[in-house]
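S.K.: Compact mmCIF, C-alpha atoms, file structure-v5.txt:
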# COMPACT_ATOMS: atom_id res chain seq x y z
CA MET I 1 -14.08 -10.97 -11.36
CA SER I 2 -10.39 -11.06 -10.54
CA SER I 3 -8.24 -13.67 -8.88
CA HIS I 4 -4.89 -13.38 -7.15
CA LEU I 5 -1.98 -15.81 -7.32
CA PHE I 6 0.62 -15.29 -4.59
CA ILE I 7 4.23 -16.45 -4.60
CA GLY I 8 5.62 -15.32 -1.28
CA ASP I 9 4.82 -11.62 -0.94
CA HIS I 10 4.39 -11.22 -4.70
CA CYS I 11 0.84 -11.02 -6.07
CA TRP I 12 -0.32 -11.57 -9.65
CA ASN I 13 -3.79 -10.02 -9.96
CA GLN I 14 -5.62 -10.92 -13.17
CA SER I 15 -9.08 -11.86 -14.35
CA SER I 16 -10.31 -15.21 -13.07
CA GLY I 17 -10.16 -16.55 -16.63
CA THR I 18 -6.51 -15.59 -17.02
CA VAL I 19 -5.57 -17.11 -13.67
CA ARG I 20 -7.60 -20.23 -14.60
CA TRP I 21 -5.60 -20.49 -17.85
CA ALA I 22 -2.29 -20.23 -15.96
CA LEU I 23 -3.37 -22.82 -13.38
CA ASP I 24 -4.35 -25.22 -16.17
CA VAL I 25 -0.90 -24.80 -17.74
CA ILE I 26 0.72 -25.39 -14.35
CA ALA I 27 -1.47 -28.44 -13.68
CA ASP I 28 -0.41 -29.93 -17.02
CA HIS I 29 3.21 -30.03 -15.78
CA VAL I 30 3.03 -30.64 -12.02
CA THR I 31 3.53 -34.26 -11.04
CA HIS I 32 1.82 -34.48 -7.63
CA PRO I 33 -1.76 -35.77 -8.17
CA GLY I 34 -3.18 -33.92 -5.15
CA ALA I 35 -1.68 -30.62 -6.30
CA VAL I 36 -2.95 -31.19 -9.84
CA ALA I 37 -6.46 -31.80 -8.50
CA GLU I 38 -6.39 -28.60 -6.39
CA LEU I 39 -5.06 -26.56 -9.30
CA ARG I 40 -7.83 -27.84 -11.57
CA GLU I 41 -10.55 -27.29 -8.94
CA PHE I 42 -9.68 -23.63 -8.26
CA SER I 43 -12.70 -21.49 -9.11
CA GLY I 44 -11.45 -17.99 -8.30
CA GLY I 45 -10.32 -15.81 -5.47
CA LEU I 46 -6.93 -16.23 -3.82
CA ILE I 47 -4.39 -18.96 -4.42
CA PHE I 48 -1.11 -19.22 -2.51
CA VAL I 49 1.73 -21.29 -3.94
CA GLU I 50 3.08 -21.81 -0.41
CA ASP I 51 -0.15 -23.62 0.55
CA PHE I 52 0.80 -26.37 -1.89
CA GLY I 53 4.12 -26.72 -0.08
CA ARG I 54 2.37 -27.00 3.27
CA SER I 55 -0.14 -29.53 1.93
CA PHE I 56 2.05 -31.64 -0.34
CA GLY I 57 5.66 -30.82 0.55
CA PRO I 58 7.98 -27.94 -0.31
CA GLU I 59 9.12 -29.66 -3.51
CA VAL I 60 5.61 -29.18 -4.92
CA SER I 61 5.58 -25.42 -4.45
CA GLU I 62 9.11 -25.30 -5.89
CA GLN I 63 7.91 -27.32 -8.89
CA ILE I 64 4.99 -24.93 -9.41
CA VAL I 65 7.36 -21.96 -9.46
CA GLU I 66 9.67 -23.78 -11.88
CA VAL I 67 6.72 -24.54 -14.19
CA ILE I 68 5.76 -20.87 -14.11
CA ARG I 69 9.34 -19.90 -14.95
CA THR I 70 9.70 -22.36 -17.85
CA ARG I 71 6.27 -23.26 -19.25
CA ILE I 72 3.92 -20.27 -18.97
CA ARG I 73 5.47 -18.09 -21.70
CA PRO I 74 5.69 -20.93 -24.27
CA ALA I 75 2.04 -21.77 -23.55
CA ALA I 76 1.07 -18.12 -24.09
CA LEU I 77 3.00 -18.02 -27.37
CA ALA I 78 1.12 -21.15 -28.49
CA GLU I 79 -2.21 -19.29 -28.31
CA PRO I 80 -3.73 -18.21 -31.65
CA GLU I 81 -2.23 -14.96 -32.94
CA GLY I 82 -4.13 -11.76 -32.24
CA GLU I 83 -5.01 -9.39 -29.43
CA VAL I 84 -5.84 -12.16 -26.96
CA ARG I 85 -2.46 -13.78 -27.53
CA ASP I 86 -0.67 -10.46 -27.18
CA TYR I 87 -2.44 -9.87 -23.86
CA THR I 88 -1.75 -13.43 -22.69
CA VAL I 89 1.95 -13.14 -23.49
CA ARG I 90 2.17 -9.79 -21.67
CA VAL I 91 0.54 -11.05 -18.48
CA ALA I 92 2.41 -14.36 -18.70
CA ASP I 93 5.65 -12.39 -18.78
CA GLU I 94 4.51 -10.55 -15.63
CA LEU I 95 3.91 -13.87 -13.88
CA VAL I 96 7.28 -15.26 -15.00
CA GLU I 97 9.03 -12.11 -13.77
CA MET I 98 7.26 -12.43 -10.43
CA ALA I 99 8.39 -16.07 -10.12
CA ASN I 100 11.94 -15.09 -11.08
CA ARG I 101 12.00 -12.36 -8.42
CA TRP I 102 10.71 -14.80 -5.79
CA ARG I 103 13.20 -17.43 -6.92
CA GLY I 104 16.04 -14.92 -6.64
CA PHE I 105 14.95 -13.92 -3.16
CA ALA I 106 14.59 -17.57 -2.11
CA ILE I 107 18.09 -18.37 -3.34
CA GLU I 108 19.54 -15.35 -1.53
CA ALA I 109 17.79 -16.41 1.66
CA GLY I 110 18.94 -20.01 1.26
CA GLU I 111 15.34 -21.24 1.04
CA ALA I 112 15.51 -22.99 -2.32
Take the structure in the file and write it out as structure tokens.
M.R.:
Amino acid sequence: MSSHLFIGDHCWNQSSGTVRWALDVIADHVTHPGAVAELREFSGGLIFVEDFGRSFGPEVSEQIVEVIRTRIRPAALAEPEGEVRDYTVRVADELVEMANRWRGFAIEAGEA
């Protein structure tokens, strides 16, 4: 089963287990307790970063994007060496790139 993480119009489509891993990494670094609880409770399907901004304030969605940009790749590199790590690093890099593209667009539009 796959899950989809959306940042703006950008979609990261991965297995539910991979998205679950990323959400756990994000939850480890987000400071808003309500957002942490929602991240940890996600069981698959669609997740929209903007929904966290609507629910908990725009600073929370901005923090999630910043965590993706700065913490996901190091977490992937910390996985045990082997094929699973190689895959995790590759898809983590895709997620980071997606967050960087969104961040660039947000800055250009004066949104962040």
S.K.: Name all residues at most 12 Å from Glu38 of chain I (count all atoms listed in the file; drop same-chain ones fewer than 4 positions away) and give them as a list in words.
M.R.: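 Returned residues: Arg20, Leu23, Asp24, Ile26, Ala27, Val30, His32, Pro33, Gly34, Phe42, Ser43, Gly44, Ile47, Phe48, Val49, Asp51, Phe52, Ser55 and Phe56 of chain I.
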S.K.: Since we have the selection now, will you write its residues out, keeping C-alpha atoms, as a compact mmCIF listing (two decimals), in the frame of the given file?
M.R.:
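Dumped to result.txt:
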# COMPACT_ATOMS: atom_id res chain seq x y z
CA ARG I 20 -7.60 -20.23 -14.60
CA LEU I 23 -3.37 -22.82 -13.38
CA ASP I 24 -4.35 -25.22 -16.17
CA ILE I 26 0.72 -25.39 -14.35
CA ALA I 27 -1.47 -28.44 -13.68
CA VAL I 30 3.03 -30.64 -12.02
CA HIS I 32 1.82 -34.48 -7.63
CA PRO I 33 -1.76 -35.77 -8.17
CA GLY I 34 -3.18 -33.92 -5.15
CA PHE I 42 -9.68 -23.63 -8.26
CA SER I 43 -12.70 -21.49 -9.11
CA GLY I 44 -11.45 -17.99 -8.30
CA ILE I 47 -4.39 -18.96 -4.42
CA PHE I 48 -1.11 -19.22 -2.51
CA VAL I 49 1.73 -21.29 -3.94
CA ASP I 51 -0.15 -23.62 0.55
CA PHE I 52 0.80 -26.37 -1.89
CA SER I 55 -0.14 -29.53 1.93
CA PHE I 56 2.05 -31.64 -0.34
S.K.: Which neighbours of segment 87-94 of chain I fall inside 7 Å, counting all atoms listed in the file, when residues of the same chain fewer than 5 positions from it are skipped, and could you give them as a compact mmCIF listing (two decimals) with C-alpha atoms, in the coordinates of the input?
M.R.:
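Done, and the output landed in out-v7.txt:
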# COMPACT_ATOMS: atom_id res chain seq x y z
CA ILE I 72 3.92 -20.27 -18.97
CA ARG I 73 5.47 -18.09 -21.70
CA ALA I 76 1.07 -18.12 -24.09
CA LEU I 77 3.00 -18.02 -27.37
S.K.: Just to confirm, what's the straight-line distance from atom CA of Ala22 of chain I to atom CA of Leu95 of chain I in Å (one decimal)?
M.R.: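 Calculated distance between atom CA of Ala22 of chain I and atom CA of Leu95 of chain I is 9.1 Å.
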S.K.: Between atom CA of Leu46 of chain I and atom CA of His4 of chain I, measure the distance and give it in Å to one decimal.
M.R.: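 Atom-to-atom, atom CA of Leu46 of chain I and atom CA of His4 of chain I are spaced 4.8 Å apart.
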S.K.: In Å, with one decimal, what is the gap from atom CA of Ser16 of chain I to atom CA of Arg71 of chain I?
M.R.: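 Calculated distance between atom CA of Ser16 of chain I and atom CA of Arg71 of chain I is 19.4 Å.
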S.K.: Tell me which protein, DNA and RNA residues are within 9 Å of Gly8 of chain I, counting all atoms listed in the file, leaving out same-chain ones fewer than 2 positions away, and put them as a PyMOL selection string.
M.R.: chain I and resi 6+10-11+48-50+102
S.K.: Compare I:Met1, I:Gly104, I:Ile7, I:Ala78 by their minimum atom-to-atom distance to Val25 of chain I, counting only C-alpha atoms, and give me the closest one.
M.R.: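 Under the stated criterion, the closest residue is I:Ala78.
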S.K.: Assuming 3 Å of padding per side, give the centre and edge lengths of the axis-aligned box around every listed atom of segment 20-29 of chain I, in Å to one decimal and as JSON.
M.R.:
{"center_x": -2.2, "center_y": -25.1, "center_z": -15.6, "size_x": 16.8, "size_y": 15.8, "size_z": 10.5}
S.K.: Calculated over all atoms listed in the file, which of the candidates I:Pro80, I:Thr31, I:Met98, I:Arg85 has the smallest distance to Val65 of chain I?
M.R.: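 Of I:Pro80, I:Thr31, I:Met98, I:Arg85, the one nearest Val65 of chain I, counting all atoms listed in the file, is I:Met98.
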S.K.: Taking into account all atoms listed in the file, which residue in the set I:Asp28, I:Glu41, I:Glu81, I:Glu97 is nearest to Arg69 of chain I?
M.R.: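 The closest residue to Arg69 of chain I is I:Glu97.
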